[in-house]
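Just below is one structure, and these are the notes that go with it.
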Amino acid sequence: MAKVTGPLYSMTASGKIADAMVHFGWKGIAVVRQWLKPANRKSEGQGDVRVILGGLGRSVTPVVNGSSYHIDATSLVTGGTTWVAELVKFIRAAYMPDGAACMVELGIFNGLGNVALWNAKALALGLSSFSLPYQGMVSSFSYGMQLYELAKYARDKHASNPLVFTSAIYAKTLSTWDAADFTAFVTDIQTII
């Protein structure tokens with residue numbers, strides 16, 4: 001229901017009138033526009049983007065506040081955002097801007113010689129795959145790949161700034177990580193310092 005102060009169109013009005021128009025103030029000006037019912041598109045392309053965002057969002061769940069990883073990731077935040085937003089923005093721009101690029105990244109992950117270790121550690125940390133019924137190319141964002149992207153972010157940020165993510169594991173190629181490297185990674189993301 002619209003709230004009217006003074007006669008309509010001469011003073012102020014705010015809110016929706018039926019399903020026809022919306023009155024609101026914008027920068028001190030009284031504005032009216034057609035009311036549009038919000039749409040939740042469920043196209044395959046939109047599904048791919050949502051799977052990517054959902055998978056990257058889940059990837060940060062094992063990171064404990066106050067851990068070395070958390071402190072380093074937080075130190076990289078710019079512009080009043082969160083470290084999770086920075087991670088998602090970086091991974092999307094560098095590796096997964098769309099479904100096709102995500103499939104390439106998934107192929108790289110599945111081609112790792114130590115993919116079983118990535119999957120086992122991810123399961124042990126409580127990560128789970130993420131998928132949607134209307135995705136296109138991207139069938140799901142696997143739990144192992146979530147952990148891999150978390151490590152990849154740290155490795156890439158360390159390569160560009162050696163003062164962050166200083167653990168020796170981030171100087172190694174992720175495909176060469178062994179059980180000791182995974183243990184060090186879990187310590188980095190879960191132990192409060």
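Going by the structure tokens order, chains are called A, B, ..., each with residues numbered from 1, while ligands are numbered from 1 in the order shown.
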Excluding stretch 127-129 of chain A and any residue of its chain fewer than 4 positions from it, enumerate the residues within 12 Å of it, using only C-alpha atoms, and give them as a PyMOL selection string.
chain A and resi 51-52+54-63+118-123+138-148+150
Write out as a PyMOL selection string all residues of stretch 76-161 of chain A that backbone DSSP assigns to helix (DSSP H, G or I).
chain A and resi 83-94+99-110+115-124+143-160
Neighbour list for stretch 158-170 of chain A as an MDAnalysis selection string, cut-off 9 Å, only C-alpha atoms, skip fewer than 4 positions in-chain:
chainID A and resid 68:69 72:73 75:76 151:154 174 177 181:182 184:185 188
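Distance annotation: of A:Met96, A:Ile91, A:Leu36, A:Ala179, the residue with the minimal separation from A:Val22 is A:Leu36; atom set is only C-alpha atoms.
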